[in-house]
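K.L.:
Below you'll find the structure I mean.
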Amino acid sequence: MPDAPTRPRRGRRWTPARFRALLRSRGPTSVRFRQRIAVITGAVAIGIVAVLFAEASDATAVLFDHYVRRLPWLPLLTTPLGFMALVWLTRRYVPLARGSGIPQVMAARADPAAATGNLIAVKTVAGKALLTMGAILCGGSVGREGPTVQIAAAVMGVSHRLMRVTMKGTVVIAGGAAGVAAAFNTPLAGVLFAIEELAAAYEQRMTLMVLSSIVIAGMVAQSLTGNYVYFGEIGAHMPLTAALVVVPVAGLAGGLAGGLFARAMLALARGGSRLTRWSKARPLLFAGLCGLVVAGLGVATGLTWGTGYAAARGMIGGVDAPLWFGPAKFVATLATAVAGLPGGIFAPSLAVGAGVGNLLHALFPADPTGAVVILGMVAYFTGVVRAPLTAVIILSETTASRGLMLPMFAAAFLADWASQAVCHEKLYHGLSATFSPHQAP
């Protein structure tokens, strides 16, 4: 028996009821539409805020530089007192603003709605910005990149609140990663940082929302500051025969040093040693002693103040630097980081890494200076944060040294392995455990 002829399907009719339903689900008043607008406007605002914060921080650093040139010995008094004042203000008014800002964003993923009222609240990040500039004005070895991540997540929270949509963990990641992209003018590094650090694992969905917010924030920041390269267009490279010798040494040395820094920070943040208990019982006195260490090193060397950006850029460019810069900057950064005041460790860690590379160049004087210094920076930065892909992309984008990428990847993976031998736990993951999304602001 022949098959009955099939009747052609009718297309769905565009009835007024169906049009209204579609308008409710995807129109200007729908949740989906408002979520997209919140992400776009938040990303644009992040780019603007990141540039303004960077300019304000740089202006503050210039003020301190003028001050220390005119009165080179006075920071021995003002820096310890400044550290004590900043810690008191932080503990009294914005306790969740202490430290880098990246651990707060990682902790905020657990309950983004609650975090917008404390960890990434406007009050918290406003205090973060002001107190970070205060730390720079005191000569602390701090950076602005970590605080920018926390500020960026808060900006994204504000845009979602204005659009009356729910804040999700993916949005927190998107905001924080967009902050990295805008701070360094490195969009690709923002993507990798979201995968390696802010997300608990790769299986957390990297959606179009995350990528678009990073790109938009980076483009806005670039349009405001110009298409600049953070450390300048170095374009470093290294012959394969030299890389086979330098890379293992750089990876192991930088990884071990970075792991030591991370272990010391975690021990003083969560450990149970006598020194840790004493520092928590007397936070202001401990901050003053840390400030005295920073001031002593700064007055004695004249090079360890602030982010260390100028010193790092000089060493990458081949300027001779004292061999003690790396160890001295390591101690100054550690003393600042454990004091309990707001401020990041990204830029200071890159400066310490440049010091490590400077030491390595003394062992390999025949090899290109810039290339050896960059390998030291990649290795040490990886050792501290345990994010090898992010480290490589940040250095390749901030120095325009894409020809050095294979040696950088090798050094970074060796450094990651060496760092684990010293400190099993990732620094930011460990520090995030000291924050709770339900903690009172």
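We label chains A, B, ... in the order they appear in the structure tokens, count residues from 1 in each chain, and number ligands from 1 in the order shown.
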What's around range 164-168 of chain A at 12 Å? Count only C-alpha atoms, leave out sequence neighbours fewer than 5 positions away in its own chain, and write the answer as a PyMOL selection string.
P.N.:
chain A and resi 29-39+42+108-117+120+153-159+173-175+205+209-210
K.L.:
Can you spit out the residues from that selection as a CSV table (one decimal), in the first residue's frame, using N, CA, C and O atoms?
P.N.:
```csv
chain,number,residue,atom,x,y,z
A,29,THR,N,12.9,45.2,27.8
A,29,THR,CA,12.5,45.1,29.2
A,29,THR,C,12.8,43.7,29.7
A,29,THR,O,12.6,43.4,30.9
A,30,SER,N,13.3,42.8,28.9
A,30,SER,CA,13.6,41.4,29.3
A,30,SER,C,14.9,41.3,30.2
A,30,SER,O,15.7,42.2,30.1
A,31,VAL,N,14.9,40.3,30.9
A,31,VAL,CA,16.1,40.1,31.8
A,31,VAL,C,17.4,39.8,30.9
A,31,VAL,O,18.4,40.4,31.2
A,32,ARG,N,17.2,39.1,29.8
A,32,ARG,CA,18.4,38.8,29.0
A,32,ARG,C,18.9,40.1,28.4
A,32,ARG,O,20.1,40.3,28.4
A,33,PHE,N,18.1,40.9,27.9
A,33,PHE,CA,18.5,42.2,27.3
A,33,PHE,C,19.2,43.1,28.3
A,33,PHE,O,20.3,43.6,28.1
A,34,ARG,N,18.6,43.1,29.5
A,34,ARG,CA,19.2,44.0,30.6
A,34,ARG,C,20.5,43.4,31.1
A,34,ARG,O,21.4,44.2,31.4
A,35,GLN,N,20.7,42.1,31.1
A,35,GLN,CA,22.0,41.5,31.4
A,35,GLN,C,23.0,41.9,30.4
A,35,GLN,O,24.2,42.3,30.8
A,36,ARG,N,22.7,41.9,29.2
A,36,ARG,CA,23.7,42.3,28.2
A,36,ARG,C,24.1,43.7,28.3
A,36,ARG,O,25.3,44.1,28.2
A,37,ILE,N,23.1,44.6,28.5
A,37,ILE,CA,23.4,46.0,28.7
A,37,ILE,C,24.2,46.2,29.9
A,37,ILE,O,25.1,47.1,29.9
A,38,ALA,N,23.9,45.5,31.0
A,38,ALA,CA,24.7,45.7,32.2
A,38,ALA,C,26.2,45.3,32.0
A,38,ALA,O,27.1,46.0,32.5
A,39,VAL,N,26.4,44.2,31.2
A,39,VAL,CA,27.8,43.8,31.0
A,39,VAL,C,28.5,44.8,30.1
A,39,VAL,O,29.7,45.2,30.4
A,42,GLY,N,29.0,48.0,32.1
A,42,GLY,CA,30.0,47.8,33.1
A,42,GLY,C,31.4,47.7,32.5
A,42,GLY,O,32.4,48.3,33.1
A,108,ALA,N,34.4,36.3,46.2
A,108,ALA,CA,33.1,36.8,45.8
A,108,ALA,C,32.3,35.9,44.9
A,108,ALA,O,31.1,36.0,44.8
A,109,ARG,N,33.0,35.0,44.2
A,109,ARG,CA,32.3,34.1,43.3
A,109,ARG,C,31.3,33.2,44.0
A,109,ARG,O,30.3,32.7,43.5
A,110,ALA,N,31.6,32.9,45.3
A,110,ALA,CA,30.7,32.0,46.0
A,110,ALA,C,29.3,32.5,46.2
A,110,ALA,O,28.3,31.7,46.2
A,111,ASP,N,29.2,33.8,46.4
A,111,ASP,CA,27.9,34.4,46.6
A,111,ASP,C,27.9,35.8,46.1
A,111,ASP,O,28.1,36.8,46.9
A,112,PRO,N,27.8,36.0,44.8
A,112,PRO,CA,28.0,37.4,44.2
A,112,PRO,C,27.0,38.4,44.8
A,112,PRO,O,27.4,39.6,45.0
A,113,ALA,N,25.8,38.0,45.0
A,113,ALA,CA,24.8,38.9,45.5
A,113,ALA,C,25.2,39.5,46.9
A,113,ALA,O,25.1,40.7,47.1
A,114,ALA,N,25.7,38.6,47.7
A,114,ALA,CA,26.1,39.1,49.1
A,114,ALA,C,27.4,39.9,48.9
A,114,ALA,O,27.6,40.9,49.7
A,115,ALA,N,28.3,39.5,48.0
A,115,ALA,CA,29.6,40.2,47.9
A,115,ALA,C,29.4,41.6,47.4
A,115,ALA,O,30.2,42.5,47.8
A,116,THR,N,28.3,41.9,46.7
A,116,THR,CA,28.1,43.3,46.3
A,116,THR,C,27.9,44.3,47.5
A,116,THR,O,27.9,45.5,47.3
A,117,GLY,N,27.6,43.7,48.6
A,117,GLY,CA,27.3,44.5,49.8
A,117,GLY,C,28.5,44.5,50.7
A,117,GLY,O,28.5,45.2,51.7
A,120,ILE,N,32.9,43.4,47.3
A,120,ILE,CA,33.0,44.3,46.2
A,120,ILE,C,32.0,45.4,46.2
A,120,ILE,O,31.4,45.8,45.2
A,153,ALA,N,35.4,44.5,39.5
A,153,ALA,CA,34.3,43.7,39.9
A,153,ALA,C,33.2,44.4,40.5
A,153,ALA,O,32.0,44.2,40.3
A,154,ALA,N,33.6,45.4,41.4
A,154,ALA,CA,32.5,46.3,42.0
A,154,ALA,C,31.8,47.1,41.0
A,154,ALA,O,30.6,47.3,41.1
A,155,VAL,N,32.5,47.6,40.0
A,155,VAL,CA,31.9,48.4,38.9
A,155,VAL,C,30.8,47.6,38.2
A,155,VAL,O,29.7,48.0,37.9
A,156,MET,N,31.2,46.3,37.9
A,156,MET,CA,30.3,45.4,37.2
A,156,MET,C,29.1,45.2,38.1
A,156,MET,O,27.9,45.0,37.6
A,157,GLY,N,29.3,45.1,39.4
A,157,GLY,CA,28.2,44.9,40.3
A,157,GLY,C,27.2,46.1,40.3
A,157,GLY,O,26.0,45.9,40.4
A,158,VAL,N,27.8,47.3,40.2
A,158,VAL,CA,26.9,48.5,40.2
A,158,VAL,C,26.1,48.5,38.9
A,158,VAL,O,24.9,48.8,38.9
A,159,SER,N,26.7,48.2,37.8
A,159,SER,CA,26.0,48.2,36.5
A,159,SER,C,24.8,47.2,36.5
A,159,SER,O,23.7,47.4,36.0
A,173,ILE,N,33.9,37.1,37.6
A,173,ILE,CA,35.1,36.8,36.8
A,173,ILE,C,35.3,37.7,35.7
A,173,ILE,O,36.5,38.2,35.5
A,174,ALA,N,34.3,38.0,34.9
A,174,ALA,CA,34.4,38.9,33.8
A,174,ALA,C,34.9,40.3,34.2
A,174,ALA,O,35.8,40.9,33.6
A,175,GLY,N,34.3,40.8,35.3
A,175,GLY,CA,34.7,42.2,35.8
A,175,GLY,C,36.1,42.2,36.2
A,175,GLY,O,36.9,43.1,35.9
A,205,ARG,N,32.4,27.9,32.9
A,205,ARG,CA,32.1,28.3,31.5
A,205,ARG,C,32.7,29.7,31.2
A,205,ARG,O,32.4,30.7,31.9
A,209,MET,N,30.0,36.5,27.4
A,209,MET,CA,29.9,37.6,28.3
A,209,MET,C,31.3,38.0,28.9
A,209,MET,O,31.7,39.1,29.0
A,210,VAL,N,32.1,36.9,29.3
A,210,VAL,CA,33.4,37.2,29.9
A,210,VAL,C,34.3,37.8,28.9
A,210,VAL,O,35.0,38.8,29.1
```
K.L.:
Counting only C-alpha atoms, which residues in range 102-140 of chain A sit no more than 10 Å from range 321-339 of chain A? For each one, give the nearest pair of atoms and the distance in Å, sorted by chain then residue number, as a Markdown table.
P.N.:
```
| residue | atom | partner | partner_atom | distance |
| --- | --- | --- | --- | --- |
| A:Ala135 | CA | A:Thr336 | CA | 8.8 |
| A:Gly139 | CA | A:Thr336 | CA | 9.5 |
| A:Gly140 | CA | A:Thr336 | CA | 5.9 |
```
K.L.:
With all heavy atoms retained, write the just-selected residues as an mmCIF file, in the first residue's frame.
P.N.:
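See out-v8.cif below for the written result:
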```cif
data_model
loop_
_atom_site.group_PDB
_atom_site.id
_atom_site.type_symbol
_atom_site.label_atom_id
_atom_site.label_comp_id
_atom_site.auth_asym_id
_atom_site.auth_seq_id
_atom_site.Cartn_x
_atom_site.Cartn_y
_atom_site.Cartn_z
ATOM 1 N N ALA A 135 49.163 54.243 50.358
ATOM 2 C CA ALA A 135 50.331 53.375 50.482
ATOM 3 C C ALA A 135 51.433 53.802 49.520
ATOM 4 O O ALA A 135 52.624 53.778 49.862
ATOM 5 C CB ALA A 135 49.930 51.917 50.219
ATOM 6 N N GLY A 139 55.404 55.405 50.154
ATOM 7 C CA GLY A 139 56.570 54.706 49.624
ATOM 8 C C GLY A 139 56.463 53.204 49.667
ATOM 9 O O GLY A 139 57.456 52.505 49.445
ATOM 10 N N GLY A 140 55.273 52.675 49.937
ATOM 11 C CA GLY A 140 55.101 51.236 49.994
ATOM 12 C C GLY A 140 55.358 50.572 48.649
ATOM 13 O O GLY A 140 55.112 51.150 47.597
#
```
K.L.:
Using only C-alpha atoms, determine which residues lie at most 8 Å from range 379-395 of chain A, disregarding the query and same-chain residues fewer than 6 positions distant; provide the list as a PyMOL selection string.
P.N.:
chain A and resi 184+186+188-190+192-193+196-197+250-259+261-262+346+349-350+352-353+356+401+405+408-409+411-416+418-419+426-428
K.L.:
I need the residues from that last selection saved to file as a short mmCIF file (atom, residue, chain, number, x, y, z; two decimals), in the first residue's frame (with N, CA and C atoms), if you can.
P.N.:
```cif
data_model
loop_
_atom_site.label_atom_id
_atom_site.label_comp_id
_atom_site.auth_asym_id
_atom_site.auth_seq_id
_atom_site.Cartn_x
_atom_site.Cartn_y
_atom_site.Cartn_z
N PHE A 184 46.80 46.65 32.41
CA PHE A 184 48.04 46.40 31.67
C PHE A 184 47.91 46.69 30.18
N THR A 186 46.35 44.75 28.16
CA THR A 186 46.64 43.42 27.62
C THR A 186 45.37 42.56 27.65
N LEU A 188 44.36 39.89 25.99
CA LEU A 188 44.56 38.44 25.98
C LEU A 188 45.00 37.94 27.36
N ALA A 189 45.82 38.72 28.05
CA ALA A 189 46.23 38.34 29.40
C ALA A 189 45.02 38.32 30.34
N GLY A 190 44.06 39.22 30.11
CA GLY A 190 42.84 39.20 30.92
C GLY A 190 42.06 37.92 30.75
N LEU A 192 43.26 34.93 29.85
CA LEU A 192 43.98 33.83 30.48
C LEU A 192 43.95 33.94 32.00
N PHE A 193 43.98 35.17 32.52
CA PHE A 193 43.91 35.34 33.97
C PHE A 193 42.56 34.87 34.50
N GLU A 196 42.95 31.00 34.53
CA GLU A 196 43.94 30.42 35.43
C GLU A 196 43.71 30.76 36.89
N GLU A 197 43.30 31.99 37.16
CA GLU A 197 43.26 32.44 38.54
C GLU A 197 41.86 32.70 39.08
N ALA A 250 66.82 30.06 34.76
CA ALA A 250 65.84 31.11 35.07
C ALA A 250 64.57 30.52 35.65
N GLY A 251 64.08 29.43 35.06
CA GLY A 251 62.84 28.82 35.55
C GLY A 251 62.98 28.33 36.98
N LEU A 252 64.06 27.65 37.29
CA LEU A 252 64.24 27.12 38.64
C LEU A 252 64.48 28.23 39.65
N ALA A 253 65.36 29.18 39.31
CA ALA A 253 65.67 30.26 40.26
C ALA A 253 64.45 31.14 40.51
N GLY A 254 63.77 31.56 39.44
CA GLY A 254 62.60 32.40 39.60
C GLY A 254 61.46 31.69 40.30
N GLY A 255 61.25 30.42 39.95
CA GLY A 255 60.17 29.66 40.58
C GLY A 255 60.39 29.44 42.07
N LEU A 256 61.61 29.11 42.44
CA LEU A 256 61.91 28.90 43.86
C LEU A 256 61.76 30.20 44.65
N ALA A 257 62.26 31.31 44.08
CA ALA A 257 62.14 32.60 44.77
C ALA A 257 60.68 33.03 44.89
N GLY A 258 59.91 32.86 43.81
CA GLY A 258 58.49 33.21 43.86
C GLY A 258 57.72 32.34 44.83
N GLY A 259 58.04 31.04 44.86
CA GLY A 259 57.39 30.15 45.81
C GLY A 259 57.70 30.52 47.24
N PHE A 261 58.29 33.56 48.32
CA PHE A 261 57.48 34.74 48.62
C PHE A 261 56.04 34.33 48.95
N ALA A 262 55.46 33.45 48.13
CA ALA A 262 54.08 33.02 48.36
C ALA A 262 53.96 32.29 49.69
N PHE A 346 51.28 42.76 41.86
CA PHE A 346 51.59 42.46 40.46
C PHE A 346 52.84 43.20 40.00
N SER A 349 56.07 42.52 41.89
CA SER A 349 56.58 41.19 41.57
C SER A 349 57.31 41.19 40.23
N LEU A 350 56.80 41.93 39.27
CA LEU A 350 57.51 42.06 38.00
C LEU A 350 58.85 42.74 38.20
N VAL A 352 60.67 42.66 41.03
CA VAL A 352 61.55 41.66 41.66
C VAL A 352 62.05 40.67 40.62
N GLY A 353 61.15 40.25 39.73
CA GLY A 353 61.55 39.34 38.66
C GLY A 353 62.61 39.94 37.77
N VAL A 356 65.74 39.47 39.52
CA VAL A 356 66.20 38.08 39.36
C VAL A 356 66.88 37.92 38.00
N SER A 401 57.60 41.28 22.96
CA SER A 401 58.68 40.30 22.75
C SER A 401 58.09 38.95 22.37
N MET A 405 58.58 33.97 23.01
CA MET A 405 57.49 33.28 23.68
C MET A 405 57.81 31.83 24.03
N MET A 408 59.94 31.71 27.01
CA MET A 408 59.15 32.16 28.16
C MET A 408 58.21 31.07 28.65
N PHE A 409 57.57 30.36 27.71
CA PHE A 409 56.70 29.26 28.13
C PHE A 409 57.48 28.19 28.87
N ALA A 411 60.32 28.52 30.55
CA ALA A 411 60.72 29.04 31.86
C ALA A 411 59.54 29.08 32.82
N ALA A 412 58.36 29.47 32.30
CA ALA A 412 57.18 29.57 33.15
C ALA A 412 56.74 28.21 33.68
N PHE A 413 56.73 27.20 32.83
CA PHE A 413 56.31 25.87 33.29
C PHE A 413 57.31 25.28 34.27
N LEU A 414 58.61 25.52 34.04
CA LEU A 414 59.61 25.08 35.01
C LEU A 414 59.44 25.81 36.34
N ALA A 415 59.16 27.12 36.26
CA ALA A 415 58.97 27.91 37.48
C ALA A 415 57.74 27.45 38.25
N ASP A 416 56.67 27.11 37.54
CA ASP A 416 55.46 26.61 38.20
C ASP A 416 55.77 25.33 38.96
N ALA A 418 58.78 24.35 40.06
CA ALA A 418 59.70 24.64 41.16
C ALA A 418 58.97 25.32 42.32
N SER A 419 58.02 26.20 41.99
CA SER A 419 57.27 26.90 43.03
C SER A 419 56.45 25.94 43.87
N LYS A 426 48.34 27.61 45.92
CA LYS A 426 48.40 28.85 45.17
C LYS A 426 48.16 30.05 46.09
N LEU A 427 48.92 31.11 45.85
CA LEU A 427 48.87 32.27 46.75
C LEU A 427 47.48 32.88 46.82
N TYR A 428 46.91 33.26 45.70
CA TYR A 428 45.61 33.94 45.73
C TYR A 428 44.49 33.03 46.21
#
```
K.L.:
Could you make a table, as a tab-separated table, of the residues of range 18-123 of chain A that have an atom within 10 Å of an atom of range 279-298 of chain A, each with its nearest atom pair and distance in Å to one decimal, counting only C-alpha atoms, in chain and number order?
P.N.:
```
residue	atom	partner	partner_atom	distance
A:Val68	CA	A:Gly298	CA	9.5
A:Pro72	CA	A:Gly298	CA	9.2
A:Trp73	CA	A:Ala295	CA	8.9
A:Leu74	CA	A:Ala295	CA	9.1
A:Pro75	CA	A:Ala295	CA	5.9
A:Leu76	CA	A:Ala295	CA	5.2
A:Leu77	CA	A:Leu292	CA	7.9
A:Thr78	CA	A:Ala295	CA	8.6
A:Thr79	CA	A:Gly291	CA	5.5
A:Pro80	CA	A:Gly291	CA	4.0
A:Leu81	CA	A:Gly288	CA	6.2
A:Gly82	CA	A:Gly291	CA	7.7
A:Phe83	CA	A:Gly291	CA	5.7
A:Met84	CA	A:Leu284	CA	5.1
A:Ala85	CA	A:Leu284	CA	8.0
A:Leu86	CA	A:Ala287	CA	8.9
A:Val87	CA	A:Leu284	CA	6.6
A:Trp88	CA	A:Leu284	CA	6.8
A:Arg91	CA	A:Pro283	CA	9.4
```
K.L.:
Distance CA of Leu359 in chain A-CA of Pro407 in chain A, one decimal place?
P.N.:
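Separating CA of Leu359 in chain A from CA of Pro407 in chain A is a distance of 18.0 Å.
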K.L.:
Could you tell me how far CA of Arg263 in chain A sits from CA of Leu363 in chain A, in Å to one decimal place?
P.N.:
26.8 Å
K.L.:
Could you check the closest approach to Ile151 in chain A for each of A:Gly343, A:Trp305, A:Ile40, A:Asn185 and tell me which residue wins, using only C-alpha atoms?
P.N.:
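With only C-alpha atoms as the atom set, the closest residue is A:Gly343.
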K.L.:
Could you tell me how far CA of Leu131 in chain A lies from CA of Ser223 in chain A, in Å and to one decimal?
P.N.:
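The value is 27.5 Å.
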K.L.:
Leaving out range 143-146 of chain A and any residue of its chain fewer than 4 positions from it, which residues lie within 7 Å of it when counting only C-alpha atoms, given as a PDB file with N, CA and C atoms, in the first residue's frame?
P.N.:
```
ATOM      1  N   SER A 100      45.653  42.624  48.300  1.00  0.00           N
ATOM      2  CA  SER A 100      45.692  42.807  46.850  1.00  0.00           C
ATOM      3  C   SER A 100      44.350  43.192  46.246  1.00  0.00           C
ATOM      4  N   GLY A 101      43.305  42.463  46.545  1.00  0.00           N
ATOM      5  CA  GLY A 101      42.005  42.654  45.906  1.00  0.00           C
ATOM      6  C   GLY A 101      41.606  41.456  45.076  1.00  0.00           C
ATOM      7  N   ILE A 102      42.567  40.724  44.563  1.00  0.00           N
ATOM      8  CA  ILE A 102      42.260  39.525  43.778  1.00  0.00           C
ATOM      9  C   ILE A 102      41.656  38.425  44.655  1.00  0.00           C
ATOM     10  N   GLN A 150      39.646  44.294  41.957  1.00  0.00           N
ATOM     11  CA  GLN A 150      38.537  44.401  42.903  1.00  0.00           C
ATOM     12  C   GLN A 150      37.614  45.559  42.544  1.00  0.00           C
ATOM     13  N   VAL A 180      42.163  43.457  34.804  1.00  0.00           N
ATOM     14  CA  VAL A 180      43.538  43.114  34.418  1.00  0.00           C
ATOM     15  C   VAL A 180      43.836  43.624  33.017  1.00  0.00           C
ATOM     16  N   ALA A 183      44.168  47.412  33.127  1.00  0.00           N
ATOM     17  CA  ALA A 183      45.314  47.892  33.895  1.00  0.00           C
ATOM     18  C   ALA A 183      46.618  47.756  33.122  1.00  0.00           C
ATOM     19  N   THR A 307      56.274  50.893  42.924  1.00  0.00           N
ATOM     20  CA  THR A 307      56.041  49.705  42.106  1.00  0.00           C
ATOM     21  C   THR A 307      57.328  49.090  41.591  1.00  0.00           C
ATOM     22  N   GLY A 343      46.809  47.205  48.702  1.00  0.00           N
ATOM     23  CA  GLY A 343      47.811  47.363  47.657  1.00  0.00           C
ATOM     24  C   GLY A 343      48.106  46.043  46.983  1.00  0.00           C
ATOM     25  N   GLY A 344      48.446  46.098  45.707  1.00  0.00           N
ATOM     26  CA  GLY A 344      48.688  44.889  44.929  1.00  0.00           C
ATOM     27  C   GLY A 344      50.147  44.499  44.885  1.00  0.00           C
ATOM     28  N   ILE A 345      50.401  43.303  44.364  1.00  0.00           N
ATOM     29  CA  ILE A 345      51.773  42.789  44.263  1.00  0.00           C
ATOM     30  C   ILE A 345      52.154  42.493  42.811  1.00  0.00           C
ATOM     31  N   PHE A 346      51.282  42.757  41.857  1.00  0.00           N
ATOM     32  CA  PHE A 346      51.589  42.464  40.457  1.00  0.00           C
ATOM     33  C   PHE A 346      52.838  43.203  39.997  1.00  0.00           C
ATOM     34  N   ALA A 347      52.776  44.527  39.982  1.00  0.00           N
ATOM     35  CA  ALA A 347      53.895  45.329  39.477  1.00  0.00           C
ATOM     36  C   ALA A 347      55.162  45.138  40.301  1.00  0.00           C
ATOM     37  N   PRO A 348      55.097  45.162  41.649  1.00  0.00           N
ATOM     38  CA  PRO A 348      56.317  44.896  42.416  1.00  0.00           C
ATOM     39  C   PRO A 348      56.916  43.521  42.133  1.00  0.00           C
TER      40      PRO A 348
END
```
K.L.:
Using only C-alpha atoms, determine which residues lie at most 10 Å from Ala371 in chain A, disregarding the query and same-chain residues fewer than 6 positions distant; provide the list as number ranges by chain.
P.N.:
A: 234-238, 243, 246, 316-318, 357, 361, 377, 401, 403-404, 407-408
K.L.:
Between A:Gly376, A:Pro248, A:Gly272, A:Pro342, single out the one closest to Thr124 in chain A, counting only C-alpha atoms.
P.N.:
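Of A:Gly376, A:Pro248, A:Gly272, A:Pro342, the one nearest Thr124 in chain A, counting only C-alpha atoms, is A:Pro342.
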K.L.:
Determine the nearest neighbour of Glu55 in chain A from the options A:Ala107, A:Val299, A:Leu119, A:Met133, counting only C-alpha atoms.
P.N.:
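The answer is A:Met133, which sits nearest to Glu55 in chain A.
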K.L.:
Ranking A:Val172, A:Ala421, A:Val94, A:Val249 by minimum distance to His160 in chain A and counting only C-alpha atoms, which one comes first?
P.N.:
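Under the stated criterion, the closest residue is A:Val172.
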K.L.:
Among range 149-341 of chain A, which residues carry a DSSP assignment of helix (DSSP H, G or I), reported as a VMD selection string?
P.N.:
chain A and resid 149 to 162 169 to 184 187 to 198 208 to 225 240 to 270 274 to 281 283 to 301 309 to 316 325 to 337
K.L.:
Show me, as JSON, numbers by chain, the residues that have an atom within 8 Å of Ala50 in chain A when counting only C-alpha atoms, minus same-chain residues fewer than 3 positions from it.
P.N.:
{"A": [46, 47, 53, 54, 148, 152, 179, 182, 183, 221]}
K.L.:
Please produce a file of the residues just selected, as a JSON list (two decimals), in the first residue's frame, where the atoms kept are all heavy atoms.
P.N.:
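Full text of part07.json as output:
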```json
[["chain", "number", "residue", "atom", "x", "y", "z"],
["A", 46, "ILE", "N", 34.50, 50.10, 33.42],
["A", 46, "ILE", "CA", 35.75, 49.54, 33.95],
["A", 46, "ILE", "C", 36.95, 50.14, 33.24],
["A", 46, "ILE", "O", 37.95, 50.51, 33.86],
["A", 46, "ILE", "CB", 35.75, 48.00, 33.82],
["A", 46, "ILE", "CG1", 34.80, 47.38, 34.86],
["A", 46, "ILE", "CG2", 37.16, 47.43, 34.01],
["A", 46, "ILE", "CD1", 34.55, 45.90, 34.64],
["A", 47, "GLY", "N", 36.88, 50.23, 31.90],
["A", 47, "GLY", "CA", 37.98, 50.82, 31.16],
["A", 47, "GLY", "C", 38.25, 52.25, 31.60],
["A", 47, "GLY", "O", 39.41, 52.65, 31.78],
["A", 53, "PHE", "N", 42.11, 55.55, 37.71],
["A", 53, "PHE", "CA", 42.84, 55.07, 38.89],
["A", 53, "PHE", "C", 44.33, 54.99, 38.59],
["A", 53, "PHE", "O", 45.16, 55.32, 39.45],
["A", 53, "PHE", "CB", 42.29, 53.70, 39.31],
["A", 53, "PHE", "CG", 42.95, 53.11, 40.52],
["A", 53, "PHE", "CD1", 43.09, 53.86, 41.68],
["A", 53, "PHE", "CD2", 43.41, 51.81, 40.50],
["A", 53, "PHE", "CE1", 43.70, 53.31, 42.81],
["A", 53, "PHE", "CE2", 44.01, 51.25, 41.62],
["A", 53, "PHE", "CZ", 44.17, 52.01, 42.78],
["A", 54, "ALA", "N", 44.69, 54.54, 37.39],
["A", 54, "ALA", "CA", 46.11, 54.46, 37.02],
["A", 54, "ALA", "C", 46.75, 55.84, 37.02],
["A", 54, "ALA", "O", 47.87, 56.03, 37.53],
["A", 54, "ALA", "CB", 46.25, 53.80, 35.64],
["A", 148, "THR", "N", 42.82, 47.20, 41.09],
["A", 148, "THR", "CA", 41.98, 47.45, 39.92],
["A", 148, "THR", "C", 41.04, 46.28, 39.66],
["A", 148, "THR", "O", 39.89, 46.48, 39.23],
["A", 148, "THR", "CB", 42.85, 47.69, 38.67],
["A", 148, "THR", "OG1", 43.72, 48.82, 38.91],
["A", 148, "THR", "CG2", 41.99, 47.99, 37.45],
["A", 152, "ALA", "N", 37.14, 46.77, 39.56],
["A", 152, "ALA", "CA", 36.42, 46.41, 38.34],
["A", 152, "ALA", "C", 35.24, 45.50, 38.63],
["A", 152, "ALA", "O", 34.16, 45.66, 38.05],
["A", 152, "ALA", "CB", 37.39, 45.74, 37.36],
["A", 179, "GLY", "N", 39.43, 44.09, 34.50],
["A", 179, "GLY", "CA", 40.31, 44.99, 35.23],
["A", 179, "GLY", "C", 41.77, 44.73, 34.91],
["A", 179, "GLY", "O", 42.56, 45.66, 34.74],
["A", 182, "ALA", "N", 42.45, 46.08, 31.36],
["A", 182, "ALA", "CA", 42.53, 47.54, 31.31],
["A", 182, "ALA", "C", 43.77, 48.07, 32.02],
["A", 182, "ALA", "O", 44.37, 49.05, 31.59],
["A", 182, "ALA", "CB", 41.27, 48.14, 31.93],
["A", 183, "ALA", "N", 44.17, 47.41, 33.13],
["A", 183, "ALA", "CA", 45.31, 47.89, 33.89],
["A", 183, "ALA", "C", 46.62, 47.76, 33.12],
["A", 183, "ALA", "O", 47.48, 48.63, 33.17],
["A", 183, "ALA", "CB", 45.40, 47.13, 35.22],
["A", 221, "ALA", "N", 40.08, 51.44, 27.57],
["A", 221, "ALA", "CA", 41.32, 51.91, 28.19],
["A", 221, "ALA", "C", 42.33, 52.32, 27.12],
["A", 221, "ALA", "O", 43.02, 53.33, 27.26],
["A", 221, "ALA", "CB", 41.91, 50.80, 29.08]]
```
